[in-house]
Amino acid sequence: MILTRFHKYASPKYFYSWSLKLRPWLATACVLLFVSGLVGALFLAPADYQQGESFRIIYVHVPAAWMSLFIYMVMAASGALGLIWRIKLGDVMARASAPLGAWFTFLALVTGSLWGKPMWGTYWVWDARLTSELILLFLYLGYIALQGAIEDRRIAARTGAILALVGTVNIPIIHYSVEWWNTLHQGPTVSKLDVPSIDTTMLVPLLIMSLAYTCYFITILFTRARCEILEFERNTSWVKERALQMEAV
Amino acid sequence: MNAAKAVLLRDLKRYLRRRQDLFQPLVFFVIVITLLALAVGPDAQIFATVAPAGVWVAVLLATTINLDAMFLSDYQDGTLEQLLLSPAALPGLVAAKIFAHWLATACPQIVIATFVATVLGIESQVVAALGATLLLGSPILSLVGAIASALTVGLRGGAMLQALIILPLYMPTLIFGSAAVHNAALELPIGAELYFLAGLAVMSASLAPVGAAAALKIRLG
C-alpha cells in the first residue's frame with residue numbers, strides 16, 4: 001500500500017505536479033526562516049567573548065559546511081534509488097543536487113577562509129577539516145565532469161550513482177586520514193547535543209539558519225529536478241500536453 | 001576460477017607483447033622525479049627532505065596515466081563485451097584483470113622507485129619504508145583506479161576525466177604512504193600507517209572488483 005503510493009508520488013509526472021503546488025509554500029518558509037535566522041544572528045546573538053563580532057560568520061559558514069555533506073548523502077542515496085530500484089526520480093534528484101552541493105562546499109570554503117584571516121591570521125591553512133572539505137569539492141567536480149561527458153542521461157545518472165557511492169565509502173576514510181595528518185581547526189561547536197559549547201542565544205539562530213539553508217536547498221532542488229524531468233521525459237505525452245497548455249496561455 | 005585464470009594469463013601476455021605500455025610509465029616516473037629535482041634546486045639537503053614525498057606523488061601520477069591500459073584496448077576490440085557475455089561471474093574476471101595490471105605495471109614501478117630512491121642518496125631505512133608502503137599502497141591504487149577506469153572507458157577526453165575522478169580518491173593512500181616515509185626519516189615507528197594501508201588494501205580488494213564490474217555493465221549495457 002505504502003509502496004504503491006510511493007511509486008505513484010515518485011513517478012516524474014506526479015512529482016512534477018505536486019512539487020509545483022508545493023513551491024510557494026517552500027519559498028515562503030525559506031524567506032521567513034532566512035529573515036528570522038539573520039535577525040537572530042546579526043542583532044540578537046551577543047558578540048563572542050573571544051572572537052568579538054567576527055564570530056558571526058559562523059551563521060553562514062557552519063550551515064554551508066553541513067549542507068555540503070548532507071547534499072552528498074542526498075546525491076548518493078537518490079543515485080542508489082535510481083541504480084538499484086530503477087526509480088527515475090532518483091536519477092533526476094542525484095543529477096540536480098550535484099551543482100548545489102558543489103556551490104555549498106565552495107561557500108563553506110570561502111566563508112571559512114574569510115573567517116580564518118582574522119582568527120588564524122591567514123586565509124588558508126592545510127588544516128584537516130579545510131582539506132577534507134576541499135577534497136569533497138573535488139569529488140563534486142569529478143561527478144559533474146562525468147555527467148557532462150556522457151550524452152545519454154540514463155547512463156550518465158547511473159554511472160554517476162556508482163561514483164557517488166564510491167565517494168560515500170571514501171568520505172569517512174578521507175576525513176579521518178586527513179584529520180590524522182594535521183589539525184588546527186577549532187573543535188566542533190554543536191555536535192555535543194547534551195552540553196553544546198555554545199550559548200543558547202547563539203545556538204538558536206544557528207539552527208534556524210541551517211533550517212533555512214535546508215529549505216533553500218529543497219526549493220532549488222525541486223526546481224532543478226522539474227527542469228531535468230522535462231528534458232528527461234520530453235518525448236512523453238504528458239510533457240507535450242503541458243507544453244501545449246503553456247503555449248495556449 | 002578457470003575463466004579468471006585464463007583472463008589473467010591472457011592479459012599478462014598482452015602486456016608483455018606491448019612493451020612500450022610498460023616502459024612509458026616508468027620513463028614518465030623518472031622524468032617527474034627529475035623535474036622535481038630541477039625545481040627544488042641543487043641543494044641536496046632540501047631535496048633529501050622532499051624526495052620521498054615526491055616519489056609518492058610521481059607514483060600516483062604515473063599510475064593514473066597508466067590506468068587506460070586496463071580496459072581501453074579491450075573495449076575498443078570488443079573483448080570486454082565478450083567478458084560481459086561470459087557465464088563466469090564478472091567481478092572475478094575484473095579482479096583478474098586488475099591483478100594482471102598490477103603485476104605488469106605496479107611491480108616494475110616499485111622496483112624502479114626504490115632503485116631511484118637509493119641512487120638519490122635517501123637513507124636505507126627510508127627506502128625500506130618507501131618500498132613497504134608502495135607494496136601495500138599500489139594494490140589500492142590499481143583497485144580503486146579500476147572503478148574510475150571502468151566508469152570512463154570509451155568516453156571522449158577520458159584520460160583527463162579519469163584523473164579528475166580518481167585523484168581525490170587516492171588522497172588517503174598518499175597520506176598514509178608519505179606519512180610512513182616521513183616517520184621513517186625521523187626514525188619513528190611506522191607500524192600504524194602500514195596497518196592502515198593494509199586495511200585499505202583489503203577493503204578495496206573486496207569492494208572494488210564488484211564496483212568496477214557494475215560500472216562496466218552500465219557503460220556497455
# chains A, B, ... in the order shown; residues from 1 in each chain; ligands from 1
call {"tool": "select_by_dssp", "arguments": {"residues": "stretch 12-241 of chain A", "states": "helix (DSSP H, G or I)", "output": "PyMOL selection string"}}
result
chain A and resi 12-44+53-85+88-120+128-149+153-181+200-232+237-241
call {"tool": "residues_around", "arguments": {"residues": "B:Val181", "least_positions_apart": "2", "cutoff": "6 Å", "atoms": "only C-alpha atoms", "output": "ChimeraX atom specification"}}
result
/B:126,129-130,178-179,183-184
call {"tool": "write_last_selection", "arguments": {"atoms": "all heavy atoms", "output": "PDB file, in the first residue's frame"}}
result
ATOM      1  N   VAL B 126      64.596   4.703   5.156  1.00  0.00           N
ATOM      2  CA  VAL B 126      63.537   5.414   4.437  1.00  0.00           C
ATOM      3  C   VAL B 126      63.191   4.675   3.148  1.00  0.00           C
ATOM      4  O   VAL B 126      62.018   4.541   2.787  1.00  0.00           O
ATOM      5  CB  VAL B 126      63.966   6.868   4.138  1.00  0.00           C
ATOM      6  CG1 VAL B 126      62.856   7.620   3.438  1.00  0.00           C
ATOM      7  CG2 VAL B 126      64.367   7.565   5.423  1.00  0.00           C
ATOM      8  N   ALA B 129      61.035   1.810   4.050  1.00  0.00           N
ATOM      9  CA  ALA B 129      59.656   2.232   4.322  1.00  0.00           C
ATOM     10  C   ALA B 129      58.937   2.559   3.025  1.00  0.00           C
ATOM     11  O   ALA B 129      57.767   2.202   2.838  1.00  0.00           O
ATOM     12  CB  ALA B 129      59.654   3.452   5.248  1.00  0.00           C
ATOM     13  N   LEU B 130      59.672   3.194   2.104  1.00  0.00           N
ATOM     14  CA  LEU B 130      59.071   3.535   0.819  1.00  0.00           C
ATOM     15  C   LEU B 130      58.640   2.274   0.079  1.00  0.00           C
ATOM     16  O   LEU B 130      57.507   2.173  -0.419  1.00  0.00           O
ATOM     17  CB  LEU B 130      60.087   4.329  -0.017  1.00  0.00           C
ATOM     18  CG  LEU B 130      59.589   4.881  -1.344  1.00  0.00           C
ATOM     19  CD1 LEU B 130      58.582   5.976  -1.101  1.00  0.00           C
ATOM     20  CD2 LEU B 130      60.752   5.390  -2.174  1.00  0.00           C
ATOM     21  N   SER B 178      52.939   8.568   2.507  1.00  0.00           N
ATOM     22  CA  SER B 178      54.019   9.538   2.713  1.00  0.00           C
ATOM     23  C   SER B 178      54.254   9.797   4.203  1.00  0.00           C
ATOM     24  O   SER B 178      55.374  10.101   4.597  1.00  0.00           O
ATOM     25  CB  SER B 178      53.732  10.837   1.968  1.00  0.00           C
ATOM     26  OG  SER B 178      52.452  11.292   2.264  1.00  0.00           O
ATOM     27  N   ALA B 179      53.185   9.616   5.037  1.00  0.00           N
ATOM     28  CA  ALA B 179      53.402   9.769   6.487  1.00  0.00           C
ATOM     29  C   ALA B 179      54.363   8.704   6.995  1.00  0.00           C
ATOM     30  O   ALA B 179      55.247   8.991   7.819  1.00  0.00           O
ATOM     31  CB  ALA B 179      52.065   9.681   7.234  1.00  0.00           C
ATOM     32  N   ASN B 183      57.877   9.478   8.742  1.00  0.00           N
ATOM     33  CA  ASN B 183      58.219   8.976  10.070  1.00  0.00           C
ATOM     34  C   ASN B 183      59.520   8.177  10.047  1.00  0.00           C
ATOM     35  O   ASN B 183      60.333   8.274  10.970  1.00  0.00           O
ATOM     36  CB  ASN B 183      57.101   8.084  10.613  1.00  0.00           C
ATOM     37  CG  ASN B 183      55.929   8.910  11.115  1.00  0.00           C
ATOM     38  OD1 ASN B 183      55.996  10.128  11.119  1.00  0.00           O
ATOM     39  ND2 ASN B 183      54.877   8.243  11.517  1.00  0.00           N
ATOM     40  N   ALA B 184      59.697   7.398   8.989  1.00  0.00           N
ATOM     41  CA  ALA B 184      60.911   6.598   8.888  1.00  0.00           C
ATOM     42  C   ALA B 184      62.135   7.494   8.823  1.00  0.00           C
ATOM     43  O   ALA B 184      63.177   7.187   9.405  1.00  0.00           O
ATOM     44  CB  ALA B 184      60.840   5.698   7.655  1.00  0.00           C
TER      45      ALA B 184
END
call {"tool": "atom_distance", "arguments": {"atom1": "atom CA of A:Leu107", "atom2": "atom CA of A:Pro205"}}
result
18.8 Å
call {"tool": "interface_residues", "arguments": {"of": "chain A", "to": "chain B", "cutoff": "8 Å", "atoms": "only C-alpha atoms", "output": "MDAnalysis selection string"}}
result
chainID A and resid 135 138:139 142:143 145:146 149:150 155 158:159 162:163 166:167 170 173:174 177:178 181
call {"tool": "residues_around", "arguments": {"residues": "stretch 23-29 of chain B", "least_positions_apart": "6", "cutoff": "9 Å", "atoms": "only C-alpha atoms", "output": "number ranges by chain"}}
result
B: 55, 58-59, 61-63, 65-66, 105, 108-109, 112-113
call {"tool": "write_last_selection", "arguments": {"atoms": "N, CA and C atoms", "output": "PDB file, in the first residue's frame"}}
result
ATOM      1  N   VAL B  55      58.538  11.071  -4.634  1.00  0.00           N
ATOM      2  CA  VAL B  55      58.439   9.730  -5.220  1.00  0.00           C
ATOM      3  C   VAL B  55      56.992   9.241  -5.154  1.00  0.00           C
ATOM      4  N   ALA B  58      54.896  11.081  -7.702  1.00  0.00           N
ATOM      5  CA  ALA B  58      55.228  10.610  -9.051  1.00  0.00           C
ATOM      6  C   ALA B  58      54.581   9.253  -9.316  1.00  0.00           C
ATOM      7  N   VAL B  59      54.573   8.384  -8.299  1.00  0.00           N
ATOM      8  CA  VAL B  59      53.925   7.075  -8.467  1.00  0.00           C
ATOM      9  C   VAL B  59      52.433   7.253  -8.744  1.00  0.00           C
ATOM     10  N   LEU B  61      50.903   9.823 -10.098  1.00  0.00           N
ATOM     11  CA  LEU B  61      50.666  10.369 -11.436  1.00  0.00           C
ATOM     12  C   LEU B  61      50.894   9.303 -12.502  1.00  0.00           C
ATOM     13  N   ALA B  62      51.986   8.543 -12.365  1.00  0.00           N
ATOM     14  CA  ALA B  62      52.275   7.519 -13.367  1.00  0.00           C
ATOM     15  C   ALA B  62      51.162   6.467 -13.373  1.00  0.00           C
ATOM     16  N   THR B  63      50.666   6.096 -12.181  1.00  0.00           N
ATOM     17  CA  THR B  63      49.587   5.109 -12.123  1.00  0.00           C
ATOM     18  C   THR B  63      48.345   5.639 -12.809  1.00  0.00           C
ATOM     19  N   ILE B  65      48.050   7.888 -15.161  1.00  0.00           N
ATOM     20  CA  ILE B  65      48.189   7.930 -16.613  1.00  0.00           C
ATOM     21  C   ILE B  65      48.061   6.537 -17.211  1.00  0.00           C
ATOM     22  N   ASN B  66      48.517   5.559 -16.444  1.00  0.00           N
ATOM     23  CA  ASN B  66      48.589   4.203 -16.959  1.00  0.00           C
ATOM     24  C   ASN B  66      47.285   3.417 -16.820  1.00  0.00           C
ATOM     25  N   THR B 105      52.351  -3.451 -14.237  1.00  0.00           N
ATOM     26  CA  THR B 105      52.729  -2.039 -14.200  1.00  0.00           C
ATOM     27  C   THR B 105      53.212  -1.578 -12.832  1.00  0.00           C
ATOM     28  N   PRO B 108      56.996  -3.319 -11.550  1.00  0.00           N
ATOM     29  CA  PRO B 108      58.216  -2.654 -12.035  1.00  0.00           C
ATOM     30  C   PRO B 108      58.393  -1.263 -11.448  1.00  0.00           C
ATOM     31  N   GLN B 109      57.269  -0.588 -11.238  1.00  0.00           N
ATOM     32  CA  GLN B 109      57.351   0.763 -10.690  1.00  0.00           C
ATOM     33  C   GLN B 109      57.938   0.768  -9.277  1.00  0.00           C
ATOM     34  N   ILE B 112      61.674   0.239  -9.609  1.00  0.00           N
ATOM     35  CA  ILE B 112      62.341   1.454 -10.091  1.00  0.00           C
ATOM     36  C   ILE B 112      62.338   2.531  -8.999  1.00  0.00           C
ATOM     37  N   ALA B 113      61.215   2.655  -8.277  1.00  0.00           N
ATOM     38  CA  ALA B 113      61.123   3.715  -7.265  1.00  0.00           C
ATOM     39  C   ALA B 113      62.140   3.498  -6.155  1.00  0.00           C
TER      40      ALA B 113
END
call {"tool": "residues_around", "arguments": {"residues": "A:Ile87", "least_positions_apart": "2", "cutoff": "9 Å", "atoms": "only C-alpha atoms", "output": "PyMOL selection string"}}
result
chain A and resi 7+10-11+78+81-85+89-91
call {"tool": "residues_around", "arguments": {"residues": "A:Trp103", "least_positions_apart": "4", "cutoff": "9 Å", "atoms": "only C-alpha atoms", "output": "PyMOL selection string"}}
result
chain A and resi 68+98-99+107-108+137
call {"tool": "write_last_selection", "arguments": {"atoms": "N, CA, C and O atoms", "output": "PDB file, in the first residue's frame"}}
result
ATOM      1  N   SER A  68      27.021  20.844   2.682  1.00  0.00           N
ATOM      2  CA  SER A  68      27.903  20.226   1.699  1.00  0.00           C
ATOM      3  C   SER A  68      27.942  18.712   1.884  1.00  0.00           C
ATOM      4  O   SER A  68      27.920  17.967   0.913  1.00  0.00           O
ATOM      5  N   ALA A  98      23.903  17.731  -7.556  1.00  0.00           N
ATOM      6  CA  ALA A  98      25.368  17.858  -7.603  1.00  0.00           C
ATOM      7  C   ALA A  98      25.870  19.307  -7.665  1.00  0.00           C
ATOM      8  O   ALA A  98      26.715  19.688  -6.842  1.00  0.00           O
ATOM      9  N   PRO A  99      25.370  20.147  -8.590  1.00  0.00           N
ATOM     10  CA  PRO A  99      25.898  21.516  -8.625  1.00  0.00           C
ATOM     11  C   PRO A  99      25.592  22.295  -7.350  1.00  0.00           C
ATOM     12  O   PRO A  99      26.420  23.087  -6.888  1.00  0.00           O
ATOM     13  N   LEU A 107      31.028  27.654  -0.938  1.00  0.00           N
ATOM     14  CA  LEU A 107      30.658  28.703   0.016  1.00  0.00           C
ATOM     15  C   LEU A 107      31.289  28.439   1.384  1.00  0.00           C
ATOM     16  O   LEU A 107      31.819  29.353   2.030  1.00  0.00           O
ATOM     17  N   ALA A 108      31.246  27.178   1.818  1.00  0.00           N
ATOM     18  CA  ALA A 108      31.853  26.832   3.107  1.00  0.00           C
ATOM     19  C   ALA A 108      33.349  27.137   3.083  1.00  0.00           C
ATOM     20  O   ALA A 108      33.900  27.665   4.060  1.00  0.00           O
ATOM     21  N   LEU A 137      34.981  19.030  -2.430  1.00  0.00           N
ATOM     22  CA  LEU A 137      34.700  19.841  -3.624  1.00  0.00           C
ATOM     23  C   LEU A 137      35.208  19.140  -4.876  1.00  0.00           C
ATOM     24  O   LEU A 137      34.528  19.094  -5.902  1.00  0.00           O
TER      25      LEU A 137
END
call {"tool": "closest_residue", "arguments": {"among": "A:Met93, A:Ile171, A:Leu22, A:Leu38", "to": "A:Ala212", "atoms": "only C-alpha atoms"}}
result
A:Leu38
call {"tool": "residues_around", "arguments": {"residues": "stretch 55-59 of chain A", "least_positions_apart": "4", "cutoff": "12 Å", "atoms": "only C-alpha atoms", "output": "PDB file with N, CA and C atoms, in the first residue's frame"}}
result
ATOM      1  N   PHE A  34      15.036  32.545   6.694  1.00  0.00           N
ATOM      2  CA  PHE A  34      16.238  33.353   6.483  1.00  0.00           C
ATOM      3  C   PHE A  34      16.157  34.670   7.242  1.00  0.00           C
ATOM      4  N   GLY A  37      16.345  33.963  11.003  1.00  0.00           N
ATOM      5  CA  GLY A  37      17.687  33.487  11.339  1.00  0.00           C
ATOM      6  C   GLY A  37      18.707  34.604  11.294  1.00  0.00           C
ATOM      7  N   LEU A  38      18.612  35.478  10.280  1.00  0.00           N
ATOM      8  CA  LEU A  38      19.601  36.550  10.148  1.00  0.00           C
ATOM      9  C   LEU A  38      19.428  37.605  11.224  1.00  0.00           C
ATOM     10  N   VAL A  39      18.148  37.892  11.572  1.00  0.00           N
ATOM     11  CA  VAL A  39      17.924  38.852  12.662  1.00  0.00           C
ATOM     12  C   VAL A  39      18.539  38.314  13.956  1.00  0.00           C
ATOM     13  N   GLY A  40      18.269  37.037  14.230  1.00  0.00           N
ATOM     14  CA  GLY A  40      18.857  36.424  15.423  1.00  0.00           C
ATOM     15  C   GLY A  40      20.369  36.429  15.367  1.00  0.00           C
ATOM     16  N   ALA A  41      20.910  36.179  14.179  1.00  0.00           N
ATOM     17  CA  ALA A  41      22.360  36.035  14.068  1.00  0.00           C
ATOM     18  C   ALA A  41      23.064  37.375  14.172  1.00  0.00           C
ATOM     19  N   LEU A  42      22.490  38.411  13.520  1.00  0.00           N
ATOM     20  CA  LEU A  42      23.224  39.674  13.416  1.00  0.00           C
ATOM     21  C   LEU A  42      22.893  40.643  14.546  1.00  0.00           C
ATOM     22  N   PHE A  43      21.671  40.522  15.150  1.00  0.00           N
ATOM     23  CA  PHE A  43      21.286  41.513  16.166  1.00  0.00           C
ATOM     24  C   PHE A  43      21.098  40.921  17.554  1.00  0.00           C
ATOM     25  N   LEU A  44      20.430  39.770  17.627  1.00  0.00           N
ATOM     26  CA  LEU A  44      20.062  39.258  18.948  1.00  0.00           C
ATOM     27  C   LEU A  44      21.202  38.513  19.632  1.00  0.00           C
ATOM     28  N   ALA A  45      21.990  37.768  18.847  1.00  0.00           N
ATOM     29  CA  ALA A  45      23.058  36.992  19.474  1.00  0.00           C
ATOM     30  C   ALA A  45      24.144  37.939  19.985  1.00  0.00           C
ATOM     31  N   PRO A  46      24.673  37.679  21.194  1.00  0.00           N
ATOM     32  CA  PRO A  46      25.747  38.540  21.718  1.00  0.00           C
ATOM     33  C   PRO A  46      27.056  38.273  20.996  1.00  0.00           C
ATOM     34  N   ALA A  47      27.965  39.247  21.076  1.00  0.00           N
ATOM     35  CA  ALA A  47      29.280  39.052  20.479  1.00  0.00           C
ATOM     36  C   ALA A  47      30.044  38.019  21.296  1.00  0.00           C
ATOM     37  N   ASP A  48      30.942  37.317  20.632  1.00  0.00           N
ATOM     38  CA  ASP A  48      31.709  36.285  21.305  1.00  0.00           C
ATOM     39  C   ASP A  48      32.745  36.933  22.221  1.00  0.00           C
ATOM     40  N   TYR A  49      32.981  36.311  23.395  1.00  0.00           N
ATOM     41  CA  TYR A  49      33.902  36.950  24.354  1.00  0.00           C
ATOM     42  C   TYR A  49      35.333  36.962  23.826  1.00  0.00           C
ATOM     43  N   GLN A  50      35.619  36.017  22.908  1.00  0.00           N
ATOM     44  CA  GLN A  50      36.993  35.916  22.454  1.00  0.00           C
ATOM     45  C   GLN A  50      37.146  36.435  21.025  1.00  0.00           C
ATOM     46  N   GLN A  51      36.174  36.057  20.150  1.00  0.00           N
ATOM     47  CA  GLN A  51      36.321  36.389  18.738  1.00  0.00           C
ATOM     48  C   GLN A  51      35.584  37.676  18.362  1.00  0.00           C
ATOM     49  N   PRO A  63      26.345  26.270   8.568  1.00  0.00           N
ATOM     50  CA  PRO A  63      25.280  25.605   7.794  1.00  0.00           C
ATOM     51  C   PRO A  63      25.738  25.198   6.393  1.00  0.00           C
ATOM     52  N   ALA A  64      26.588  26.023   5.760  1.00  0.00           N
ATOM     53  CA  ALA A  64      27.070  25.656   4.421  1.00  0.00           C
ATOM     54  C   ALA A  64      27.888  24.377   4.484  1.00  0.00           C
ATOM     55  N   ALA A  65      28.716  24.266   5.531  1.00  0.00           N
ATOM     56  CA  ALA A  65      29.531  23.054   5.655  1.00  0.00           C
ATOM     57  C   ALA A  65      28.645  21.834   5.918  1.00  0.00           C
ATOM     58  N   TRP A  66      27.617  22.013   6.765  1.00  0.00           N
ATOM     59  CA  TRP A  66      26.677  20.901   6.990  1.00  0.00           C
ATOM     60  C   TRP A  66      26.012  20.492   5.690  1.00  0.00           C
ATOM     61  N   LEU A 107      31.028  27.654  -0.938  1.00  0.00           N
ATOM     62  CA  LEU A 107      30.658  28.703   0.016  1.00  0.00           C
ATOM     63  C   LEU A 107      31.289  28.439   1.384  1.00  0.00           C
ATOM     64  N   ALA A 108      31.246  27.178   1.818  1.00  0.00           N
ATOM     65  CA  ALA A 108      31.853  26.832   3.107  1.00  0.00           C
ATOM     66  C   ALA A 108      33.349  27.137   3.083  1.00  0.00           C
ATOM     67  N   VAL A 110      34.964  29.346   1.138  1.00  0.00           N
ATOM     68  CA  VAL A 110      35.227  30.787   1.051  1.00  0.00           C
ATOM     69  C   VAL A 110      34.960  31.460   2.397  1.00  0.00           C
ATOM     70  N   THR A 111      33.789  31.182   3.003  1.00  0.00           N
ATOM     71  CA  THR A 111      33.497  31.820   4.283  1.00  0.00           C
ATOM     72  C   THR A 111      34.488  31.356   5.336  1.00  0.00           C
ATOM     73  N   GLY A 112      34.898  30.082   5.243  1.00  0.00           N
ATOM     74  CA  GLY A 112      35.881  29.575   6.197  1.00  0.00           C
ATOM     75  C   GLY A 112      37.195  30.313   6.081  1.00  0.00           C
ATOM     76  N   SER A 113      37.626  30.583   4.852  1.00  0.00           N
ATOM     77  CA  SER A 113      38.919  31.250   4.711  1.00  0.00           C
ATOM     78  C   SER A 113      38.807  32.720   5.103  1.00  0.00           C
ATOM     79  N   LEU A 114      37.600  33.325   4.884  1.00  0.00           N
ATOM     80  CA  LEU A 114      37.421  34.712   5.340  1.00  0.00           C
ATOM     81  C   LEU A 114      37.437  34.785   6.866  1.00  0.00           C
ATOM     82  N   TRP A 115      36.905  33.740   7.495  1.00  0.00           N
ATOM     83  CA  TRP A 115      36.914  33.670   8.950  1.00  0.00           C
ATOM     84  C   TRP A 115      38.328  33.402   9.459  1.00  0.00           C
ATOM     85  N   GLY A 116      39.056  32.627   8.670  1.00  0.00           N
ATOM     86  CA  GLY A 116      40.403  32.255   9.089  1.00  0.00           C
ATOM     87  C   GLY A 116      41.342  33.441   9.155  1.00  0.00           C
ATOM     88  N   LYS A 117      41.117  34.445   8.268  1.00  0.00           N
ATOM     89  CA  LYS A 117      42.033  35.578   8.221  1.00  0.00           C
ATOM     90  C   LYS A 117      42.117  36.318   9.566  1.00  0.00           C
ATOM     91  N   PRO A 118      40.980  36.758  10.175  1.00  0.00           N
ATOM     92  CA  PRO A 118      41.115  37.421  11.477  1.00  0.00           C
ATOM     93  C   PRO A 118      41.485  36.463  12.615  1.00  0.00           C
ATOM     94  N   MET A 119      41.055  35.197  12.533  1.00  0.00           N
ATOM     95  CA  MET A 119      41.263  34.307  13.664  1.00  0.00           C
ATOM     96  C   MET A 119      42.633  33.650  13.668  1.00  0.00           C
ATOM     97  N   PRO A 188      34.416  20.787  17.225  1.00  0.00           N
ATOM     98  CA  PRO A 188      33.014  21.000  16.870  1.00  0.00           C
ATOM     99  C   PRO A 188      32.284  21.773  17.963  1.00  0.00           C
ATOM    100  N   THR A 189      31.403  22.675  17.535  1.00  0.00           N
ATOM    101  CA  THR A 189      30.708  23.517  18.495  1.00  0.00           C
ATOM    102  C   THR A 189      29.374  22.918  18.900  1.00  0.00           C
ATOM    103  N   VAL A 190      28.711  22.247  17.983  1.00  0.00           N
ATOM    104  CA  VAL A 190      27.327  21.871  18.224  1.00  0.00           C
ATOM    105  C   VAL A 190      27.128  20.364  18.336  1.00  0.00           C
ATOM    106  N   ILE A 198      28.245  26.171  23.276  1.00  0.00           N
ATOM    107  CA  ILE A 198      27.792  27.434  22.702  1.00  0.00           C
ATOM    108  C   ILE A 198      26.558  27.854  23.474  1.00  0.00           C
ATOM    109  N   MET A 202      23.142  32.060  21.056  1.00  0.00           N
ATOM    110  CA  MET A 202      23.939  31.935  19.840  1.00  0.00           C
ATOM    111  C   MET A 202      23.510  30.710  19.040  1.00  0.00           C
ATOM    112  N   LEU A 203      23.067  29.671  19.773  1.00  0.00           N
ATOM    113  CA  LEU A 203      22.783  28.392  19.111  1.00  0.00           C
ATOM    114  C   LEU A 203      21.509  28.451  18.293  1.00  0.00           C
ATOM    115  N   VAL A 204      20.457  29.107  18.868  1.00  0.00           N
ATOM    116  CA  VAL A 204      19.151  29.079  18.192  1.00  0.00           C
ATOM    117  C   VAL A 204      19.222  29.673  16.785  1.00  0.00           C
ATOM    118  N   PRO A 205      19.824  30.865  16.607  1.00  0.00           N
ATOM    119  CA  PRO A 205      19.930  31.377  15.229  1.00  0.00           C
ATOM    120  C   PRO A 205      20.681  30.430  14.298  1.00  0.00           C
ATOM    121  N   LEU A 206      21.690  29.737  14.854  1.00  0.00           N
ATOM    122  CA  LEU A 206      22.461  28.803  14.025  1.00  0.00           C
ATOM    123  C   LEU A 206      21.565  27.687  13.512  1.00  0.00           C
ATOM    124  N   LEU A 207      20.727  27.169  14.416  1.00  0.00           N
ATOM    125  CA  LEU A 207      19.831  26.080  13.997  1.00  0.00           C
ATOM    126  C   LEU A 207      18.801  26.593  12.993  1.00  0.00           C
ATOM    127  N   ILE A 208      18.288  27.822  13.242  1.00  0.00           N
ATOM    128  CA  ILE A 208      17.320  28.379  12.290  1.00  0.00           C
ATOM    129  C   ILE A 208      17.982  28.570  10.924  1.00  0.00           C
ATOM    130  N   MET A 209      19.224  29.062  10.947  1.00  0.00           N
ATOM    131  CA  MET A 209      19.924  29.275   9.683  1.00  0.00           C
ATOM    132  C   MET A 209      20.121  27.960   8.940  1.00  0.00           C
ATOM    133  N   SER A 210      20.424  26.889   9.683  1.00  0.00           N
ATOM    134  CA  SER A 210      20.639  25.637   8.957  1.00  0.00           C
ATOM    135  C   SER A 210      19.320  25.110   8.412  1.00  0.00           C
ATOM    136  N   LEU A 211      18.209  25.361   9.144  1.00  0.00           N
ATOM    137  CA  LEU A 211      16.893  25.005   8.590  1.00  0.00           C
ATOM    138  C   LEU A 211      16.633  25.809   7.314  1.00  0.00           C
ATOM    139  N   ALA A 212      16.983  27.098   7.358  1.00  0.00           N
ATOM    140  CA  ALA A 212      16.765  27.952   6.189  1.00  0.00           C
ATOM    141  C   ALA A 212      17.561  27.441   4.997  1.00  0.00           C
ATOM    142  N   TYR A 213      18.828  27.055   5.243  1.00  0.00           N
ATOM    143  CA  TYR A 213      19.653  26.504   4.169  1.00  0.00           C
ATOM    144  C   TYR A 213      19.009  25.251   3.596  1.00  0.00           C
TER     145      TYR A 213
END
call {"tool": "closest_residue", "arguments": {"among": "B:Ala146, B:Leu120, B:Ala6, B:Ala132", "to": "B:Glu193", "atoms": "only C-alpha atoms"}}
result
B:Ala132
call {"tool": "atom_distance", "arguments": {"atom1": "atom CA of B:Ala159", "atom2": "atom CA of B:Gly177"}}
result
24.5 Å
call {"tool": "closest_residue", "arguments": {"among": "B:Ala100, B:Val32, B:Val127, B:Leu67", "to": "B:Tyr15", "atoms": "only C-alpha atoms"}}
result
B:Ala100
call {"tool": "residues_around", "arguments": {"residues": "A:Phe232", "least_positions_apart": "2", "cutoff": "9 Å", "atoms": "only C-alpha atoms", "output": "PyMOL selection string"}}
result
chain A and resi 92+153-154+227-230+234-235
call {"tool": "write_last_selection", "arguments": {"atoms": "N, CA, C and O atoms", "output": "mmCIF file, in the first residue's frame"}}
result
data_model
loop_
_atom_site.group_PDB
_atom_site.id
_atom_site.type_symbol
_atom_site.label_atom_id
_atom_site.label_comp_id
_atom_site.auth_asym_id
_atom_site.auth_seq_id
_atom_site.Cartn_x
_atom_site.Cartn_y
_atom_site.Cartn_z
ATOM 1 N N VAL A 92 17.061 11.706 -11.386
ATOM 2 C CA VAL A 92 16.866 13.149 -11.577
ATOM 3 C C VAL A 92 17.404 13.927 -10.380
ATOM 4 O O VAL A 92 18.148 14.906 -10.533
ATOM 5 N N ARG A 153 21.304 10.522 -20.731
ATOM 6 C CA ARG A 153 21.051 10.906 -19.344
ATOM 7 C C ARG A 153 20.895 9.716 -18.413
ATOM 8 O O ARG A 153 21.331 9.746 -17.264
ATOM 9 N N ARG A 154 20.240 8.671 -18.887
ATOM 10 C CA ARG A 154 20.061 7.491 -18.031
ATOM 11 C C ARG A 154 21.406 6.914 -17.626
ATOM 12 O O ARG A 154 21.702 6.715 -16.445
ATOM 13 N N CYS A 227 13.061 20.872 -14.144
ATOM 14 C CA CYS A 227 13.677 21.127 -15.451
ATOM 15 C C CYS A 227 14.265 19.842 -16.025
ATOM 16 O O CYS A 227 14.083 19.535 -17.207
ATOM 17 N N GLU A 228 14.970 19.099 -15.154
ATOM 18 C CA GLU A 228 15.562 17.836 -15.609
ATOM 19 C C GLU A 228 14.475 16.906 -16.133
ATOM 20 O O GLU A 228 14.633 16.257 -17.167
ATOM 21 N N ILE A 229 13.353 16.847 -15.405
ATOM 22 C CA ILE A 229 12.279 15.927 -15.789
ATOM 23 C C ILE A 229 11.742 16.287 -17.159
ATOM 24 O O ILE A 229 11.529 15.414 -18.007
ATOM 25 N N LEU A 230 11.554 17.585 -17.393
ATOM 26 C CA LEU A 230 11.032 17.995 -18.693
ATOM 27 C C LEU A 230 11.956 17.532 -19.821
ATOM 28 O O LEU A 230 11.505 17.127 -20.885
ATOM 29 N N ARG A 234 10.974 14.368 -22.442
ATOM 30 C CA ARG A 234 10.437 15.279 -23.463
ATOM 31 C C ARG A 234 9.625 14.550 -24.532
ATOM 32 O O ARG A 234 8.843 15.165 -25.244
ATOM 33 N N ASN A 235 9.785 13.229 -24.641
ATOM 34 C CA ASN A 235 9.045 12.512 -25.674
ATOM 35 C C ASN A 235 7.734 11.914 -25.168
ATOM 36 O O ASN A 235 7.050 11.222 -25.910
#
